[in-house]
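In what follows, a single structure is set out as structure tokens and then discussed.
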Amino acid sequence: GKGLAVFTSGGDSQGMNAAVRSVVRMGIYLGCKVYFIREGYQGMVDGGDNIEEANWSSVSSIIHKGGTIIGSARCMDFIKREGRLKAAHNLVTRGITNLVVIGGDGSLTGANLFRQEWASLLDELLENNKITKDQREKYKFLHIAGMVGSIDNDFCGTDMTIGTDSALHRIIEAIDAIVSTAYSHQRTFIMEVMGRHCGYLALVAALSTEADQVFIPEDPVPNNWVEKLCKRLQQERKSGQRLNIIIVAEGAIDREGKPITAEMVKKVVVDNLQQDTRITVLGHVQRGGSPSAFDRILGCRMGAEAVMALMEATPETEPCVVTLDGNQAVRLPLMECVRRTKAVAQAMADKNWDLAVQLRGRS
Ligand code: F6P
């Protein structure tokens with residue numbers, strides 16, 4: 001059977017295990033020899049026990065687990081050609097020419113570069129007598145399929161990335177818990193949530209918890225934000241509300257691109273309104289714990305689709321990323337999605353927030 005390997009790269013997210021499980025089982029079902037690559041690209045470079053054949057039962061009882069059982073890493077060695085040469089050697093000697101990468105845009109870009117270089121890497125290995133002529137010929141094509149695992153929902157081309165829904169569950173559970181103590185003491189709470197440069201988690205969490213205010217990177221605060229915030233909070237208290245909840249995305253900014261932090265917001269509330277105020281930074285709790293039903297199913301469906309894409313690939317097929325479009329798992333050109341995602345980052349850096357939001361939307 002064909003050699004196929006799956007690995008997870010970059011920050012972990014809930015639902016990655018469901019995706020790994022699905023890749024392994026769909027691969028075996030279609031007659032492939034399936035491998036785990038542990039610790040992301042680092043495991044691919046280091047080889048040895050990091051690349052291990054998987055079987056049907058090696059992915060039993062993982063669908064409900066958060067994180068990734070095969071480990072993940074940010075790898076510096078793979079950035080250098082020397083590292084990629086070692087990785088290619090490790091794959092060819094095991095007959096692996098199909099890769100499923102589960103990670104963010106950086107990890108997907110790495111996989112694409114690896115594929116572009118594949119022929120020249122194999123030539124160099126042959127020259128150095130690391131592989132045989134037969135191996136050079138037999139494994140001359142590398143096929144890549146990607147899936148996006150990230151709690152941030154910051155990737156263009158998909159409605160949801162694997163992990164976002166579970167992170168949202170974790171966030172709103174935490175906010176609900178905070179609300180009861182805030183109510184008792186008539187306090188104001190400022191909750192800092194993750195998302196890097198994407199405000200999706202903060203925005204959706206705010207909408208689903210009746211928060212009074214949300215700060216997100218895509219909608220930088222106006223110059224008069226202090227007055228506006230104080231007026232809003234005062235109004236809420238005057239109308240009988242015993243608490244206030246303010247959500248600050250970790251990437252929140254003002255119109256000059258300077259960070260708006262939970263500490264800054266707290267100072268505004270305390271100095272102007274003298275409200276009893278606390279900050280809760282949710283941190284990595286958001287990335288942990290059991291995946292939601294949505295993320296389990298999303299991982300399963302995307303994993304199966306990724307394997308099917310690889311099995312149907314011809315030498316001319318461009319690498320794809322499996323994404324969610326409405327309720328459908330679909331294949332999109334990997335690099336086009338990566339390029340759009342990078343264009344969003346550039347638009348944000350250029351302070352063109354409208355363009356960023358527009359690019360992030362569906363095409
Ligand atoms: O990309 C996922 C994420 O959790 C972001 O929301 C956050 O900014 C970042 O990773 C944290 O990175 P680390 O786990 O390396 O601290």
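Quick note on naming: the chains in the structure tokens go A, B, ... in the order shown, residues restart at 1 in each chain, and ligands are numbered from 1 in order of appearance.
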Residues of stretch 71-286 of chain A in strand (DSSP E or B), written as a ChimeraX atom specification
/A:96-103,143-150,162-163,188-193,213-215,221,244-249,253-254,259,277-281
Selection to disk with N, CA and C atoms, as a compact mmCIF listing (two decimals), in the first residue's frame:
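New file result19.txt:
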```txt
# COMPACT_ATOMS: atom_id res chain seq x y z
N ILE A 96 7.28 6.75 2.56
CA ILE A 96 6.19 7.70 2.79
C ILE A 96 6.23 8.81 1.74
N THR A 97 5.17 8.90 0.95
CA THR A 97 5.11 9.98 -0.06
C THR A 97 3.79 10.76 0.04
N ASN A 98 3.05 10.49 1.09
CA ASN A 98 1.80 11.23 1.31
C ASN A 98 1.83 11.78 2.72
N LEU A 99 1.62 13.08 2.83
CA LEU A 99 1.68 13.72 4.14
C LEU A 99 0.39 14.45 4.45
N VAL A 100 -0.12 14.23 5.65
CA VAL A 100 -1.24 15.04 6.13
C VAL A 100 -0.71 15.91 7.26
N VAL A 101 -0.78 17.21 7.07
CA VAL A 101 -0.29 18.14 8.08
C VAL A 101 -1.48 18.85 8.73
N ILE A 102 -1.48 18.82 10.06
CA ILE A 102 -2.54 19.52 10.80
C ILE A 102 -1.85 20.64 11.57
N GLY A 103 -2.12 21.88 11.19
CA GLY A 103 -1.44 22.98 11.86
C GLY A 103 -1.97 24.32 11.37
N HIS A 143 2.95 14.07 -2.05
CA HIS A 143 1.63 14.69 -2.03
C HIS A 143 1.31 15.23 -0.62
N ILE A 144 0.67 16.38 -0.62
CA ILE A 144 0.40 17.06 0.66
C ILE A 144 -1.08 17.40 0.78
N ALA A 145 -1.64 17.14 1.94
CA ALA A 145 -2.99 17.67 2.24
C ALA A 145 -2.93 18.28 3.63
N GLY A 146 -3.55 19.44 3.80
CA GLY A 146 -3.51 20.12 5.09
C GLY A 146 -4.89 20.25 5.73
N MET A 147 -4.85 20.46 7.03
CA MET A 147 -6.06 20.81 7.78
C MET A 147 -5.65 21.88 8.78
N VAL A 148 -6.55 22.77 9.12
CA VAL A 148 -6.15 23.84 10.03
C VAL A 148 -6.64 23.54 11.45
N GLY A 149 -5.70 23.33 12.33
CA GLY A 149 -6.00 23.16 13.75
C GLY A 149 -5.55 24.42 14.46
N SER A 150 -6.51 25.16 14.99
CA SER A 150 -6.18 26.38 15.74
C SER A 150 -7.43 26.85 16.45
N ILE A 162 -10.25 23.79 13.36
CA ILE A 162 -10.46 22.73 14.36
C ILE A 162 -10.00 23.25 15.73
N GLY A 163 -10.89 23.31 16.69
CA GLY A 163 -10.55 23.76 18.05
C GLY A 163 -11.29 25.03 18.47
N THR A 188 -16.92 44.65 38.48
CA THR A 188 -16.67 44.65 37.04
C THR A 188 -15.51 43.70 36.76
N PHE A 189 -15.69 42.84 35.78
CA PHE A 189 -14.62 41.91 35.41
C PHE A 189 -14.14 42.18 34.00
N ILE A 190 -12.84 42.15 33.86
CA ILE A 190 -12.24 42.26 32.53
C ILE A 190 -11.63 40.91 32.22
N MET A 191 -12.10 40.31 31.14
CA MET A 191 -11.63 38.97 30.77
C MET A 191 -10.74 39.08 29.54
N GLU A 192 -9.52 38.59 29.68
CA GLU A 192 -8.66 38.59 28.50
C GLU A 192 -8.73 37.22 27.83
N VAL A 193 -9.05 37.21 26.54
CA VAL A 193 -9.14 35.93 25.83
C VAL A 193 -8.10 35.88 24.71
N GLN A 213 -18.98 45.12 26.83
CA GLN A 213 -18.06 45.73 25.87
C GLN A 213 -17.06 44.68 25.41
N VAL A 214 -16.63 44.78 24.16
CA VAL A 214 -15.58 43.88 23.68
C VAL A 214 -14.55 44.70 22.89
N PHE A 215 -13.30 44.37 23.09
CA PHE A 215 -12.22 45.02 22.33
C PHE A 215 -11.55 43.98 21.44
N VAL A 221 -10.03 50.73 18.90
CA VAL A 221 -10.85 51.68 19.67
C VAL A 221 -10.69 53.10 19.10
N ASN A 244 -20.53 44.26 35.56
CA ASN A 244 -20.17 44.51 34.16
C ASN A 244 -19.12 43.51 33.73
N ILE A 245 -19.25 43.07 32.49
CA ILE A 245 -18.25 42.17 31.90
C ILE A 245 -17.68 42.85 30.66
N ILE A 246 -16.36 42.94 30.64
CA ILE A 246 -15.67 43.50 29.48
C ILE A 246 -14.71 42.43 28.96
N ILE A 247 -14.78 42.18 27.67
CA ILE A 247 -13.88 41.17 27.08
C ILE A 247 -12.82 41.86 26.23
N VAL A 248 -11.59 41.53 26.52
CA VAL A 248 -10.48 42.12 25.76
C VAL A 248 -9.74 40.99 25.02
N ALA A 249 -9.75 41.06 23.70
CA ALA A 249 -8.95 40.09 22.93
C ALA A 249 -7.48 40.40 23.17
N ILE A 253 -6.26 46.56 19.94
CA ILE A 253 -5.37 47.70 19.65
C ILE A 253 -6.16 49.02 19.54
N ASP A 254 -5.42 50.12 19.56
CA ASP A 254 -6.05 51.41 19.23
C ASP A 254 -5.74 51.73 17.76
N PRO A 259 -1.24 48.37 21.66
CA PRO A 259 -2.10 47.42 22.37
C PRO A 259 -3.06 48.11 23.36
N THR A 277 -13.00 46.31 40.59
CA THR A 277 -12.70 45.69 39.29
C THR A 277 -11.62 44.61 39.40
N ARG A 278 -11.83 43.52 38.71
CA ARG A 278 -10.84 42.44 38.68
C ARG A 278 -10.56 42.04 37.24
N ILE A 279 -9.35 41.49 37.06
CA ILE A 279 -8.98 40.97 35.73
C ILE A 279 -8.88 39.45 35.80
N THR A 280 -9.41 38.76 34.81
CA THR A 280 -9.17 37.32 34.68
C THR A 280 -8.58 37.06 33.31
N VAL A 281 -7.37 36.50 33.33
CA VAL A 281 -6.74 36.12 32.05
C VAL A 281 -6.97 34.63 31.87
```
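Residues in contact with ligand 1 (atom pairs separated by at most 7 Å; only C-alpha atoms and all ligand atoms) are Gly11, Ser150, Ile151, Asp152, Met194, Gly195, Arg196, His284 and Arg287 of chain A.
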Tell me, as a PyMOL selection string, which residues lie within 8 Å of A:Val59, counting only C-alpha atoms; anything in the same chain fewer than 5 positions away does not count.
chain A and resi 20-21+24+54
Writing out the chosen residues with N, CA, C and O atoms as a compact mmCIF listing (two decimals), in the first residue's frame:
```
# COMPACT_ATOMS: atom_id res chain seq x y z
N VAL A 20 -6.50 13.14 13.65
CA VAL A 20 -5.45 12.12 13.53
C VAL A 20 -6.08 10.73 13.42
O VAL A 20 -5.72 9.92 12.56
N ARG A 21 -7.06 10.49 14.28
CA ARG A 21 -7.74 9.19 14.28
C ARG A 21 -8.37 8.91 12.92
O ARG A 21 -8.27 7.81 12.37
N VAL A 24 -5.75 8.12 10.23
CA VAL A 24 -5.20 6.77 10.39
C VAL A 24 -6.20 5.73 9.90
O VAL A 24 -5.87 4.84 9.10
N ALA A 54 1.23 3.20 12.50
CA ALA A 54 0.01 3.23 13.31
C ALA A 54 -0.88 2.07 12.89
O ALA A 54 -0.79 1.59 11.76
```
Please, which residues of stretch 93-340 of chain A, numbered as in this document, come out helix (DSSP H, G or I) from DSSP, as a VMD selection string?
chain A and resid 105 to 127 133 to 138 164 to 185 200 to 209 225 to 238 262 to 273 283 to 287 293 to 312 334 to 340
Which polymer residues have any atom within 7 Å of an atom of stretch 118-126 of chain A, counting only C-alpha atoms, with same-chain residues fewer than 3 positions away left out, as a PyMOL selection string?
chain A and resi 85+88+114-115+129-133+136+140+142
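Coordinates place atom CA of A:Asp105 at a distance of 12.0 Å from atom CA of A:Val344.
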Go through stretch 161-195 of chain A and flag each residue having an atom no more than 10 Å from stretch 293-312 of chain A; for those, report the closest pair of atoms plus their distance in Å to one decimal, using only C-alpha atoms, ordered by chain and rising number, as CSV.
```
residue,atom,partner,partner_atom,distance
A:Thr161,CA,A:Asp295,CA,8.6
A:Ile162,CA,A:Asp295,CA,5.8
A:Gly163,CA,A:Asp295,CA,5.9
A:Thr164,CA,A:Asp295,CA,7.8
A:Asp165,CA,A:Asp295,CA,6.4
A:Ser166,CA,A:Asp295,CA,6.7
A:Ala167,CA,A:Asp295,CA,9.9
```
Nearest to A:Gly71 among A:Gln275, A:Gln286, A:Ser9, A:Ser57, with distances taken over only C-alpha atoms: which residue is it?
A:Ser9
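Minimum distance to A:Glu218 across A:Val321, A:Leu203, A:Val92, A:Ile79 (counting only C-alpha atoms) occurs at A:Leu203.
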Nearest residue to A:His64 from the set A:Met16, A:Ala111, A:Ile175, A:Leu91 (distances using only C-alpha atoms):
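Counting only C-alpha atoms, the residue closest to A:His64 is A:Met16.
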Tell me which protein, DNA and RNA residues are within 6 Å of stretch 329-340 of chain A, counting only C-alpha atoms, leaving out same-chain ones fewer than 5 positions away, and put them as a VMD selection string.
chain A and resid 105 156 to 157 319 to 324
Take the residues just selected and output them with C-alpha atoms as a JSON list (two decimals), in the first residue's frame.
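See result-v5.json below for the written result:
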```json
[["chain", "number", "residue", "atom", "x", "y", "z"],
["A", 105, "ASP", "CA", -0.55, 28.74, 8.14],
["A", 156, "CYS", "CA", -8.89, 32.20, 5.28],
["A", 157, "GLY", "CA", -10.98, 29.75, 3.30],
["A", 319, "PRO", "CA", -1.50, 20.63, -2.43],
["A", 320, "CYS", "CA", -4.91, 21.19, -0.90],
["A", 321, "VAL", "CA", -6.23, 22.25, 2.45],
["A", 322, "VAL", "CA", -9.45, 20.71, 3.64],
["A", 323, "THR", "CA", -11.79, 23.41, 4.90],
["A", 324, "LEU", "CA", -15.36, 23.85, 6.05]]
```
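Between atom CA of A:Asn223 and atom CA of A:Ala252 the interatomic distance comes to 14.1 Å.
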